[in-house]
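Printed here is coords-v5.csv (CSV, C-alpha atoms):
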```csv
chain,number,residue,atom,x,y,z
Y,595,MET,CA,99.4,110.5,11.7
Y,596,ASN,CA,96.5,108.3,12.6
Y,597,SER,CA,94.3,106.6,10.1
Y,598,ASP,CA,91.6,109.3,10.3
Y,599,ASN,CA,94.1,112.0,9.6
Y,600,GLN,CA,95.6,110.0,6.8
Y,601,LEU,CA,92.2,109.7,5.1
Y,602,LEU,CA,91.5,113.5,5.6
Y,603,PHE,CA,95.0,114.3,4.2
Y,604,PHE,CA,94.3,112.0,1.2
Y,605,PHE,CA,91.0,113.6,0.2
Y,606,SER,CA,92.0,117.2,0.9
Y,607,ALA,CA,95.3,116.8,-1.0
Y,608,LEU,CA,93.7,114.9,-3.9
Y,609,GLY,CA,91.9,117.9,-5.2
Y,610,GLY,CA,95.0,120.1,-5.2
Y,611,PHE,CA,97.2,117.7,-7.1
Y,612,ASN,CA,94.4,116.7,-9.6
Y,613,GLY,CA,93.7,120.5,-10.0
Y,614,ILE,CA,97.3,120.9,-11.3
Y,615,ILE,CA,96.8,118.0,-13.7
Y,616,LEU,CA,93.5,119.5,-14.9
Y,617,SER,CA,95.2,122.8,-15.4
Y,618,ALA,CA,97.8,121.2,-17.6
Y,619,TYR,CA,95.0,119.5,-19.6
Y,620,PHE,CA,93.3,122.8,-20.3
Y,621,ALA,CA,96.5,124.5,-21.3
Y,622,LEU,CA,98.2,121.8,-23.3
Y,623,ILE,CA,95.8,119.1,-24.4
Y,624,ALA,CA,92.3,120.5,-24.7
Y,625,GLY,CA,91.2,120.6,-28.3
Y,626,LYS,CA,91.1,124.3,-28.8
Y,627,LYS,CA,94.1,126.4,-27.8
Y,628,SER,CA,92.1,129.5,-26.9
Y,629,SER,CA,92.5,132.3,-24.4
Y,630,SER,CA,89.5,131.0,-22.4
Y,631,ASN,CA,91.2,127.6,-22.0
Y,632,TYR,CA,94.4,129.3,-20.8
Y,633,TYR,CA,92.5,131.5,-18.3
Y,634,LEU,CA,90.7,128.4,-17.0
Y,635,ALA,CA,94.1,126.6,-16.8
Y,636,LEU,CA,95.6,129.4,-14.8
Y,637,LEU,CA,92.5,129.6,-12.6
Y,638,MET,CA,92.8,125.9,-11.7
Y,639,LEU,CA,96.6,126.4,-11.1
Y,640,VAL,CA,96.3,129.2,-8.6
Y,641,LEU,CA,93.5,127.5,-6.8
Y,642,SER,CA,95.5,124.3,-6.6
Y,643,ILE,CA,98.6,126.2,-5.2
Y,644,ARG,CA,96.3,127.7,-2.5
Y,645,ILE,CA,94.8,124.3,-1.7
Y,646,ILE,CA,98.1,122.4,-1.5
Y,647,LYS,CA,99.5,125.1,0.8
Y,648,SER,CA,96.4,124.7,3.0
Y,649,VAL,CA,96.7,120.9,3.2
Y,650,PHE,CA,100.4,120.8,4.0
Y,651,PHE,CA,100.2,123.7,6.6
Y,652,TYR,CA,97.2,122.0,8.3
Y,653,PHE,CA,99.1,118.7,8.7
Y,654,ASN,CA,102.5,120.3,9.1
Y,655,PRO,CA,102.4,123.7,11.0
Y,656,ASN,CA,106.2,123.9,10.6
Y,657,LEU,CA,105.9,124.2,6.9
Y,658,ALA,CA,108.5,126.5,5.3
Y,659,ASN,CA,107.4,130.2,5.5
Y,660,ILE,CA,108.2,130.9,1.9
Y,661,PHE,CA,105.8,128.2,0.8
Y,662,ILE,CA,103.0,129.6,3.0
Y,663,GLN,CA,103.6,133.1,1.5
Y,664,ILE,CA,103.4,131.7,-2.1
Y,665,GLY,CA,100.2,129.9,-1.3
Y,666,LEU,CA,98.5,132.9,0.2
Y,667,SER,CA,99.8,135.2,-2.6
Y,668,GLY,CA,98.4,132.9,-5.3
Y,669,CYS,CA,94.9,133.8,-4.0
Y,670,ILE,CA,95.2,137.3,-5.4
Y,671,LEU,CA,94.9,135.9,-8.9
Y,672,ILE,CA,91.8,133.6,-8.4
Y,673,GLY,CA,89.3,136.4,-8.8
Y,674,PRO,CA,91.0,138.0,-11.9
Y,675,PHE,CA,91.3,134.6,-13.7
Y,676,LEU,CA,87.6,133.8,-12.9
Y,677,TYR,CA,86.6,137.2,-14.4
Y,678,LEU,CA,88.8,136.7,-17.5
Y,679,TYR,CA,87.6,133.2,-18.1
Y,680,LEU,CA,83.9,134.1,-17.9
Y,681,LYS,CA,84.4,137.2,-20.0
Y,682,SER,CA,86.4,135.4,-22.7
Y,683,THR,CA,83.8,132.6,-22.9
Y,684,THR,CA,80.7,134.9,-23.1
Y,685,GLU,CA,82.1,137.7,-25.2
Y,686,TYR,CA,83.8,137.8,-28.5
Y,687,ALA,CA,85.8,141.0,-28.1
Y,688,LYS,CA,89.5,140.7,-27.5
Y,689,ILE,CA,90.3,141.1,-23.8
Y,690,ASN,CA,93.1,143.1,-22.3
Y,691,TRP,CA,94.2,140.8,-19.4
Y,692,LYS,CA,97.1,142.9,-18.2
Y,693,PRO,CA,95.2,145.4,-16.0
Y,694,HIS,CA,93.7,142.4,-14.2
Y,695,VAL,CA,96.9,140.5,-13.6
Y,696,LEU,CA,100.1,142.5,-13.7
Y,697,PRO,CA,99.2,145.1,-11.0
Y,698,TYR,CA,98.3,142.3,-8.6
Y,699,ILE,CA,101.5,140.3,-9.3
Y,700,LEU,CA,103.6,143.4,-8.9
Y,701,GLY,CA,101.7,144.5,-5.8
Y,702,ILE,CA,101.9,141.2,-3.9
Y,703,THR,CA,105.5,140.8,-4.9
Y,704,ILE,CA,106.5,144.2,-3.4
Y,705,LEU,CA,104.3,143.6,-0.4
Y,706,GLY,CA,105.9,140.2,0.1
Y,707,ALA,CA,109.4,141.7,-0.2
Y,708,LEU,CA,108.7,144.5,2.3
Y,709,TYR,CA,106.7,142.3,4.7
Y,710,PRO,CA,108.0,138.7,4.3
Y,711,TYR,CA,105.7,136.2,6.0
Y,712,VAL,CA,108.5,134.8,8.2
Y,713,ASP,CA,108.8,138.1,10.1
Y,714,ASN,CA,105.2,139.4,9.7
Y,715,ARG,CA,102.9,136.6,10.4
Y,716,THR,CA,100.4,138.8,12.2
Y,717,ILE,CA,100.2,141.3,9.4
Y,718,TRP,CA,99.7,138.5,6.8
Y,719,SER,CA,97.1,136.6,8.9
Y,720,GLY,CA,95.2,139.8,9.4
Y,721,TRP,CA,95.3,142.7,7.0
Y,722,ILE,CA,97.0,141.1,3.9
Y,723,VAL,CA,94.8,138.0,3.8
Y,724,PHE,CA,91.7,140.1,4.5
Y,725,GLY,CA,92.6,142.4,1.5
Y,726,ILE,CA,93.2,139.4,-0.8
Y,727,TYR,CA,89.9,137.7,0.2
Y,728,LEU,CA,88.1,141.1,-0.2
Y,729,GLN,CA,89.6,141.4,-3.7
Y,730,TRP,CA,88.6,137.8,-4.5
Y,731,LEU,CA,85.0,138.6,-3.5
Y,732,ALA,CA,84.9,141.8,-5.5
Y,733,TYR,CA,85.8,139.9,-8.7
Y,734,ILE,CA,83.2,137.3,-7.9
Y,735,ILE,CA,80.6,140.1,-7.6
Y,736,VAL,CA,81.8,141.8,-10.8
Y,737,SER,CA,81.8,138.4,-12.7
Y,738,LEU,CA,78.2,137.9,-11.9
Y,739,LYS,CA,77.2,140.0,-14.9
Y,740,PHE,CA,78.5,137.3,-17.3
Y,741,ILE,CA,76.1,134.7,-16.0
Y,742,LYS,CA,73.1,136.9,-15.4
Y,743,PRO,CA,71.6,136.0,-18.8
Y,744,ILE,CA,71.8,132.3,-17.7
Y,745,PHE,CA,69.7,133.2,-14.6
Y,746,GLN,CA,67.2,134.9,-16.9
Y,747,LYS,CA,66.9,131.7,-19.0
Y,748,ILE,CA,66.4,129.6,-15.8
Y,749,LYS,CA,63.7,132.1,-14.7
Y,750,GLU,CA,61.9,131.8,-18.0
Y,751,LYS,CA,62.3,128.0,-17.9
Y,752,GLU,CA,64.4,127.8,-21.0
Y,753,THR,CA,66.7,124.9,-21.7
Y,754,LEU,CA,70.3,125.6,-20.8
Y,755,LYS,CA,73.2,124.9,-23.1
Y,756,ASN,CA,76.1,122.7,-22.0
Y,757,ILE,CA,78.4,125.7,-21.9
Y,758,GLU,CA,75.9,127.6,-19.7
Y,759,VAL,CA,75.7,124.7,-17.2
Y,760,TRP,CA,79.5,124.6,-17.2
Y,761,LEU,CA,79.9,128.3,-16.5
Y,762,LEU,CA,77.4,128.2,-13.6
Y,763,SER,CA,79.4,125.3,-12.1
Y,764,ILE,CA,82.7,127.2,-12.3
Y,765,TYR,CA,81.2,130.4,-10.9
Y,766,PHE,CA,79.4,128.8,-8.0
Y,767,GLY,CA,82.3,126.5,-7.4
Y,768,ILE,CA,84.6,129.4,-6.9
Y,769,LEU,CA,82.0,131.2,-4.7
Y,770,PHE,CA,81.6,128.1,-2.6
Y,771,ILE,CA,85.4,127.7,-2.1
Y,772,TRP,CA,85.6,131.4,-1.1
Y,773,LEU,CA,82.9,130.9,1.4
Y,774,ALA,CA,84.6,127.7,2.7
Y,775,TYR,CA,87.9,129.6,3.3
Y,776,THR,CA,86.0,132.6,4.8
Y,777,ILE,CA,84.2,130.5,7.4
Y,778,GLY,CA,87.3,128.3,7.9
Y,779,SER,CA,88.4,130.4,10.8
Y,780,TYR,CA,85.1,129.6,12.6
Y,781,THR,CA,85.1,125.8,11.7
Y,782,SER,CA,88.3,124.2,10.5
Y,783,TYR,CA,91.1,125.4,8.2
Y,784,ILE,CA,90.9,122.3,6.1
Y,785,VAL,CA,87.3,123.0,5.0
Y,786,GLY,CA,88.5,125.0,2.1
Y,787,ALA,CA,90.7,122.2,0.7
Y,788,LEU,CA,88.0,119.6,1.1
Y,789,SER,CA,85.5,121.9,-0.6
Y,790,PHE,CA,87.9,122.3,-3.6
Y,791,THR,CA,88.2,118.5,-3.9
Y,792,PHE,CA,84.4,118.3,-3.9
Y,793,ILE,CA,83.9,121.0,-6.5
Y,794,LEU,CA,86.7,119.7,-8.6
Y,795,TYR,CA,85.2,116.2,-8.9
Y,796,LEU,CA,81.8,117.7,-9.8
Y,797,ILE,CA,83.6,119.5,-12.6
Y,798,LEU,CA,85.3,116.3,-13.7
Y,799,LEU,CA,81.9,114.7,-13.9
Y,800,LEU,CA,80.8,117.4,-16.2
Y,801,ILE,CA,83.8,116.7,-18.4
Y,802,VAL,CA,83.0,113.0,-18.5
Y,803,PHE,CA,79.4,113.9,-19.3
Y,804,ARG,CA,80.6,116.0,-22.2
Y,805,TYR,CA,82.4,113.1,-23.8
Y,806,ILE,CA,79.5,110.7,-23.2
Y,807,ARG,CA,77.2,113.2,-24.9
Y,808,HIS,CA,79.7,114.0,-27.7
Y,809,SER,CA,79.3,117.6,-27.0
Y,810,ASP,CA,82.2,120.1,-26.8
Y,811,ILE,CA,81.4,121.9,-23.7
Y,812,PHE,CA,84.3,124.3,-24.0
Y,813,GLU,CA,84.0,125.3,-27.7
Y,814,GLU,CA,80.2,125.6,-28.2
Y,815,LYS,CA,80.7,128.9,-29.9
Y,816,GLU,CA,82.3,127.0,-32.8
Y,817,LYS,CA,80.0,124.0,-32.9
Y,818,TYR,CA,78.8,124.8,-36.5
Y,819,LYS,CA,82.3,125.1,-37.9
Y,820,ASN,CA,82.7,123.2,-41.2
Y,821,LYS,CA,78.9,122.6,-41.4
Y,822,VAL,CA,77.4,124.8,-44.1
Y,823,ILE,CA,73.7,125.0,-44.9
Y,824,ASP,CA,73.0,125.2,-48.6
Y,825,GLU,CA,70.8,128.0,-50.0
Y,826,ASP,CA,67.8,125.7,-50.8
Y,827,THR,CA,67.7,124.5,-47.2
Y,828,LYS,CA,67.9,128.1,-46.0
Y,829,SER,CA,65.0,129.0,-48.2
Y,830,LEU,CA,62.9,126.1,-46.9
Y,831,ILE,CA,63.6,126.9,-43.3
Y,832,LYS,CA,62.7,130.5,-43.9
Y,833,GLN,CA,59.3,129.5,-45.3
Y,834,LYS,CA,58.7,127.1,-42.4
Y,835,LEU,CA,59.5,129.9,-39.9
Y,836,SER,CA,57.0,132.1,-41.6
Y,837,MET,CA,54.4,129.5,-41.2
Y,838,MET,CA,55.3,129.2,-37.5
Y,839,VAL,CA,54.8,132.9,-37.1
Y,840,GLU,CA,51.5,132.9,-38.9
Y,841,LYS,CA,50.2,130.1,-36.5
Y,842,GLU,CA,51.6,132.2,-33.6
Y,843,LEU,CA,53.1,129.1,-32.0
Y,844,PHE,CA,55.5,131.3,-30.1
Y,845,LEU,CA,52.7,132.5,-27.8
Y,846,ASN,CA,53.1,129.2,-25.9
Y,847,SER,CA,55.2,130.1,-22.9
Y,848,ASN,CA,56.8,126.7,-23.0
Y,849,PHE,CA,57.7,126.9,-26.7
Y,850,THR,CA,61.2,125.5,-27.0
Y,851,LEU,CA,63.7,124.9,-29.8
Y,852,GLU,CA,62.9,121.2,-29.6
Y,853,GLU,CA,59.2,121.8,-30.1
Y,854,ALA,CA,59.8,124.3,-32.9
Y,855,ALA,CA,62.1,121.7,-34.7
Y,856,LYS,CA,59.4,119.1,-34.3
Y,857,GLU,CA,56.7,121.4,-35.6
Y,858,LEU,CA,58.8,122.5,-38.6
Y,859,LYS,CA,59.9,118.9,-39.3
Y,860,ILE,CA,63.6,119.7,-39.3
Y,861,SER,CA,66.4,118.7,-36.9
Y,862,ARG,CA,66.9,120.7,-33.8
Y,863,HIS,CA,70.6,121.2,-34.7
Y,864,LEU,CA,69.8,122.5,-38.2
Y,865,LEU,CA,67.2,125.0,-36.9
Y,866,SER,CA,69.6,126.2,-34.2
Y,867,GLN,CA,72.4,126.6,-36.8
Y,868,TYR,CA,70.2,128.5,-39.2
Y,869,VAL,CA,69.0,130.9,-36.5
Y,870,ASN,CA,72.5,131.5,-35.2
Y,871,GLU,CA,74.3,131.9,-38.5
Y,872,THR,CA,71.7,133.3,-40.9
Y,873,LEU,CA,69.7,135.4,-38.5
Y,874,GLY,CA,72.6,136.2,-36.2
Y,875,LYS,CA,70.8,135.5,-32.9
Y,876,SER,CA,69.8,132.7,-30.5
Y,877,PHE,CA,66.5,130.9,-30.8
Y,878,SER,CA,65.3,132.4,-27.5
Y,879,ASP,CA,66.0,135.9,-28.8
Y,880,LEU,CA,64.2,135.2,-32.0
Y,881,ILE,CA,61.1,134.0,-30.1
Y,882,LYS,CA,61.3,137.1,-27.9
Y,883,GLU,CA,61.3,139.3,-31.0
Y,884,TYR,CA,58.2,137.5,-32.3
Y,885,ARG,CA,56.5,138.0,-29.0
Y,886,ILE,CA,57.4,141.7,-28.7
Y,887,GLU,CA,56.0,142.3,-32.2
Y,888,LYS,CA,52.7,140.7,-31.1
Y,889,ALA,CA,52.8,142.8,-27.9
Y,890,LYS,CA,53.2,146.0,-29.9
Y,891,LYS,CA,50.0,145.2,-31.8
Y,892,LEU,CA,48.1,144.4,-28.6
Y,893,LEU,CA,49.3,147.6,-27.0
Y,894,MET,CA,47.8,149.6,-29.8
Y,895,ALA,CA,44.6,147.6,-30.0
Y,896,GLU,CA,41.6,148.3,-27.7
Y,897,SER,CA,41.3,145.5,-25.2
Y,898,ASN,CA,40.7,144.8,-21.6
Y,899,LEU,CA,44.2,143.4,-21.1
Y,900,THR,CA,46.6,145.3,-18.8
Y,901,ILE,CA,50.2,145.7,-19.9
Y,902,GLU,CA,51.1,142.9,-17.5
Y,903,GLY,CA,48.3,140.8,-18.9
Y,904,ILE,CA,49.6,141.3,-22.4
Y,905,GLY,CA,53.0,140.0,-21.3
Y,906,TYR,CA,51.4,136.8,-20.1
Y,907,GLU,CA,49.2,136.6,-23.2
Y,908,ILE,CA,52.2,136.6,-25.5
Y,909,GLY,CA,54.1,133.9,-23.7
Y,910,PHE,CA,56.3,135.5,-21.0
Y,911,ASN,CA,56.3,133.9,-17.6
Y,912,SER,CA,56.8,137.1,-15.6
Y,913,LYS,CA,56.2,140.8,-15.7
Y,914,SER,CA,59.9,141.5,-15.3
Y,915,SER,CA,61.0,139.2,-18.2
Y,916,PHE,CA,58.4,140.9,-20.5
Y,917,TYR,CA,59.5,144.4,-19.5
Y,918,THR,CA,63.2,143.6,-19.9
Y,919,ALA,CA,62.7,142.0,-23.3
Y,920,PHE,CA,60.5,144.9,-24.5
Y,921,LYS,CA,62.9,147.5,-23.4
Y,922,LYS,CA,65.9,145.7,-24.9
Y,923,ILE,CA,64.2,145.3,-28.3
Y,924,THR,CA,62.3,148.6,-28.7
Y,925,GLY,CA,64.3,150.9,-26.4
Y,926,LEU,CA,61.1,151.8,-24.6
Y,927,THR,CA,59.0,150.3,-21.8
Y,928,PRO,CA,55.6,148.9,-22.8
Y,929,ALA,CA,53.9,151.9,-21.2
Y,930,GLU,CA,56.2,154.4,-23.0
Y,931,TYR,CA,55.6,152.6,-26.4
Y,932,GLN,CA,51.9,152.7,-25.9
Y,933,LYS,CA,51.9,156.4,-25.0
Y,934,SER,CA,54.2,157.4,-27.9
Y,935,SER,CA,52.3,155.4,-30.5
Y,936,SER,CA,48.9,156.8,-29.4
Y,937,LYS,CA,49.9,160.4,-30.2
```
Please go through the file and, once you have read it, give me the structure as C-alpha cells.
Amino acid sequence: MNSDNQLLFFFSALGGFNGIILSAYFALIAGKKSSSNYYLALLMLVLSIRIIKSVFFYFNPNLANIFIQIGLSGCILIGPFLYLYLKSTTEYAKINWKPHVLPYILGITILGALYPYVDNRTIWSGWIVFGIYLQWLAYIIVSLKFIKPIFQKIKEKETLKNIEVWLLSIYFGILFIWLAYTIGSYTSYIVGALSFTFILYLILLLIVFRYIRHSDIFEEKEKYKNKVIDEDTKSLIKQKLSMMVEKELFLNSNFTLEEAAKELKISRHLLSQYVNETLGKSFSDLIKEYRIEKAKKLLMAESNLTIEGIGYEIGFNSKSSFYTAFKKITGLTPAEYQKSSSK
C-alpha cells in the first residue's frame, strides 16, 4: 500500500472506529440513560459497521464474505434507528421500537440464510442492496416530519435551540451519507466512508461546543429540573407579560426571547422556564398566540388591510407562516374565521 493509499485508509477508517467509540459513549457514559441516547448509540453502531466493512473491502477485495454480508445487512437498521432517535427526542410519548427493528432483523437474517453472500454476490449487489437503500431512504423521508418545525423556525428567523441544531446535523448527516453511498457506484466506493468521517467530526465539534457552552445538548427537555420558580416570581413575571401584551411588543417580526427578557428586565433563562413550565408552551408559540389574537381583532375590524396584509402587520414574515399558525390555534383559516364571525 503506497503512502497515498495509507492516508486514504487512515482517514476513511478513522470515522468507523471513532463511531464505535462514540456509540459506546452514548450508551454507557452519557449523563442521561434515556431511550433516545440508546437509539443514537445504535445508530452510530450500525453506521460504523457499514463504514468499516466499506473501508476493508475497498483496500482488501478478498475480505471474508461473511464480514461483507454483515456490513451490508447492518444498513437495514440505519433508517429505523434514525427514525426512533428523532421521534424519541422530539416527542414525549413512549415509543414501540419493535415494529421498526425486529421485522428487519428477522427478514435480513432469513434472506442471508437463504441467499448467503458467498454464493449470491450478484443478487446482493443488485436487488438486496437496492432494497436496503430504498428502505433507508424511506425512513429518511418519514423522519422529515420530526424536523419540519425546525425548518419553520428557520423560515421565521427564530433562534434555534442547541438540540434543534443537533437534530438537523444528525438528519442531514445521515442523508449525506446515504447520498454518498448511492452515488458511490458512479464515483468511488470509498466516498461513503470518507463522508462518514467528515460528518462524524462535525458532530464531535458540536459535542465539544456543548461542553464549552455548558449546555446539555442531549437533555434539553430536562434543563429546568431541580430549578423551581417561587410563586412571587411567577406573579411578577405574569404582570410583566401583561405589560408586554398591552404595549403590543410582539408585533415586531424580530421579537425574540432575548429581547423580551431585556424588555421585562428578567433573565432569558427565567422567562423561558416560566413560559415552558407555567404556561406549558414555548416562547415562540406564546408570541404566535398573542399575534393571532390581534389578527382576530383586525379581521373583524373595518380596514383596508388584506388578510395577507394583516399577517405582516402582526409580525409574521410570510403568508404561509401566518396561515399555518392561525389554523393551528383557531382551527380555521383567516378567511373562514372572518366569514364565520361576520354572520
Would you compute the distance between CA of Thr918 (chain Y) and CA of Gln746 (chain Y)? Give it in Å to one decimal. 10.0 Å
How many Å lie between CA of Lys681 (chain Y) and CA of Phe740 (chain Y), rounded to one decimal?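 Distance reported for this atom pair: 6.5 Å.
Of the residues listed (Y:Ile722, Y:Ile923, Y:Leu636, Y:Ala707), Y:Leu636 shows the shortest atom-to-atom separation from Val695 (chain Y); distances use all atoms listed in the file.
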Between Y:Leu622, Y:Ser630, Y:Ile717, Y:Leu738, which one has atoms that come closest to Gln663 (chain Y), using only C-alpha atoms?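 The answer is Y:Ile717, which sits nearest to Gln663 (chain Y).
Separating CA of Phe766 (chain Y) from CA of Leu680 (chain Y) is a distance of 12.1 Å.
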Find the residue from Y:Ser737, Y:Ser667, Y:Asn870, Y:Ser682 that sits nearest to Leu634 (chain Y); use only C-alpha atoms when measuring.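 Looking at the shortest contact to Leu634 (chain Y), the residue is Y:Ser682.
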Smallest atom-to-atom distance to Leu666 (chain Y): which of Y:Ile704, Y:Leu639, Y:Ile726, Y:Ile734, using only C-alpha atoms? Y:Ile726
Return the single residue from Y:Ile886, Y:Met838, Y:Pro693, Y:Thr900 that is closest to Phe920 (chain Y), with distances computed using all atoms listed in the file.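 Under the stated criterion, the closest residue is Y:Ile886.
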Would you list the contacts of Ser914 (chain Y) as a PyMOL selection string, taking every protein, DNA or RNA residue within 12 Å and counting all atoms listed in the file, but skipping same-chain residues closer than 6 positions in sequence? chain Y and resi 746+749-750+901-902+905-906+920-921+927-928
Leaving out Leu731 (chain Y) and any residue of its chain fewer than 3 positions from it, which residues lie within 10 Å of it when counting only C-alpha atoms, given as a ChimeraX atom specification? /Y:672-673,725-728,734-737,768-769,772-773
For region 851-857 of chain Y: contacts at 9 Å, all atoms listed in the file, fewer than 5 positions along chain excluded, given as a PyMOL selection string: chain Y and resi 753+835+838+843-844+862-866+877-878
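Taking all atoms listed in the file into account, Gln867 (chain Y) lies nearest to Y:Val822 out of the set Y:Leu880, Y:Val822, Y:Lys888, Y:Phe910.
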Would you mind completing region 666-674 of chain Y to all heavy atoms and writing the output as a PDB file, keeping the file's coordinate frame?
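The result, written out as part31.pdb:
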```
ATOM      1  N   LEU Y 666      99.457 131.833  -0.101  1.00  0.00           N
ATOM      2  CA  LEU Y 666      98.500 132.900   0.200  1.00  0.00           C
ATOM      3  C   LEU Y 666      98.548 133.964  -0.952  1.00  0.00           C
ATOM      4  O   LEU Y 666      97.505 134.500  -1.325  1.00  0.00           O
ATOM      5  CB  LEU Y 666      98.931 133.617   1.501  1.00  0.00           C
ATOM      6  CG  LEU Y 666      98.710 132.797   2.773  1.00  0.00           C
ATOM      7  CD1 LEU Y 666      99.316 133.511   3.981  1.00  0.00           C
ATOM      8  CD2 LEU Y 666      97.233 132.536   2.997  1.00  0.00           C
ATOM      9  N   SER Y 667      99.730 134.218  -1.508  1.00  0.00           N
ATOM     10  CA  SER Y 667      99.800 135.200  -2.600  1.00  0.00           C
ATOM     11  C   SER Y 667      99.077 134.762  -3.837  1.00  0.00           C
ATOM     12  O   SER Y 667      98.522 135.591  -4.573  1.00  0.00           O
ATOM     13  CB  SER Y 667     101.316 135.428  -2.950  1.00  0.00           C
ATOM     14  OG  SER Y 667     102.033 135.919  -1.841  1.00  0.00           O
ATOM     15  N   GLY Y 668      99.058 133.441  -4.079  1.00  0.00           N
ATOM     16  CA  GLY Y 668      98.400 132.900  -5.300  1.00  0.00           C
ATOM     17  C   GLY Y 668      96.883 133.268  -5.267  1.00  0.00           C
ATOM     18  O   GLY Y 668      96.254 133.382  -6.335  1.00  0.00           O
ATOM     19  N   CYS Y 669      96.302 133.459  -4.081  1.00  0.00           N
ATOM     20  CA  CYS Y 669      94.900 133.800  -4.000  1.00  0.00           C
ATOM     21  C   CYS Y 669      94.508 135.067  -4.694  1.00  0.00           C
ATOM     22  O   CYS Y 669      93.361 135.250  -5.094  1.00  0.00           O
ATOM     23  CB  CYS Y 669      94.461 133.886  -2.511  1.00  0.00           C
ATOM     24  SG  CYS Y 669      94.254 132.323  -1.688  1.00  0.00           S
ATOM     25  N   ILE Y 670      95.476 135.963  -4.820  1.00  0.00           N
ATOM     26  CA  ILE Y 670      95.200 137.300  -5.400  1.00  0.00           C
ATOM     27  C   ILE Y 670      94.835 137.194  -6.876  1.00  0.00           C
ATOM     28  O   ILE Y 670      94.305 138.135  -7.467  1.00  0.00           O
ATOM     29  CB  ILE Y 670      96.338 138.261  -5.149  1.00  0.00           C
ATOM     30  CG1 ILE Y 670      95.809 139.693  -5.147  1.00  0.00           C
ATOM     31  CG2 ILE Y 670      97.450 138.080  -6.190  1.00  0.00           C
ATOM     32  CD1 ILE Y 670      96.770 140.696  -4.586  1.00  0.00           C
ATOM     33  N   LEU Y 671      95.145 136.044  -7.506  1.00  0.00           N
ATOM     34  CA  LEU Y 671      94.900 135.900  -8.900  1.00  0.00           C
ATOM     35  C   LEU Y 671      93.638 135.014  -9.209  1.00  0.00           C
ATOM     36  O   LEU Y 671      93.233 134.858 -10.362  1.00  0.00           O
ATOM     37  CB  LEU Y 671      96.074 135.284  -9.646  1.00  0.00           C
ATOM     38  CG  LEU Y 671      97.323 136.160  -9.681  1.00  0.00           C
ATOM     39  CD1 LEU Y 671      98.477 135.410 -10.333  1.00  0.00           C
ATOM     40  CD2 LEU Y 671      97.043 137.460 -10.430  1.00  0.00           C
ATOM     41  N   ILE Y 672      93.022 134.454  -8.171  1.00  0.00           N
ATOM     42  CA  ILE Y 672      91.800 133.600  -8.400  1.00  0.00           C
ATOM     43  C   ILE Y 672      90.690 134.425  -8.959  1.00  0.00           C
ATOM     44  O   ILE Y 672      90.072 134.043  -9.961  1.00  0.00           O
ATOM     45  CB  ILE Y 672      91.411 132.937  -7.056  1.00  0.00           C
ATOM     46  CG1 ILE Y 672      92.498 131.977  -6.575  1.00  0.00           C
ATOM     47  CG2 ILE Y 672      90.091 132.182  -7.257  1.00  0.00           C
ATOM     48  CD1 ILE Y 672      92.228 131.374  -5.207  1.00  0.00           C
ATOM     49  N   GLY Y 673      90.389 135.560  -8.320  1.00  0.00           N
ATOM     50  CA  GLY Y 673      89.300 136.400  -8.800  1.00  0.00           C
ATOM     51  C   GLY Y 673      89.526 136.916 -10.224  1.00  0.00           C
ATOM     52  O   GLY Y 673      88.643 136.792 -11.080  1.00  0.00           O
ATOM     53  N   PRO Y 674      90.709 137.485 -10.522  1.00  0.00           N
ATOM     54  CA  PRO Y 674      91.000 138.000 -11.900  1.00  0.00           C
ATOM     55  C   PRO Y 674      90.843 136.881 -12.953  1.00  0.00           C
ATOM     56  O   PRO Y 674      90.271 137.115 -14.019  1.00  0.00           O
ATOM     57  CB  PRO Y 674      92.406 138.488 -11.799  1.00  0.00           C
ATOM     58  CG  PRO Y 674      92.543 138.933 -10.391  1.00  0.00           C
ATOM     59  CD  PRO Y 674      91.762 137.935  -9.589  1.00  0.00           C
TER      60      PRO Y 674
END
```
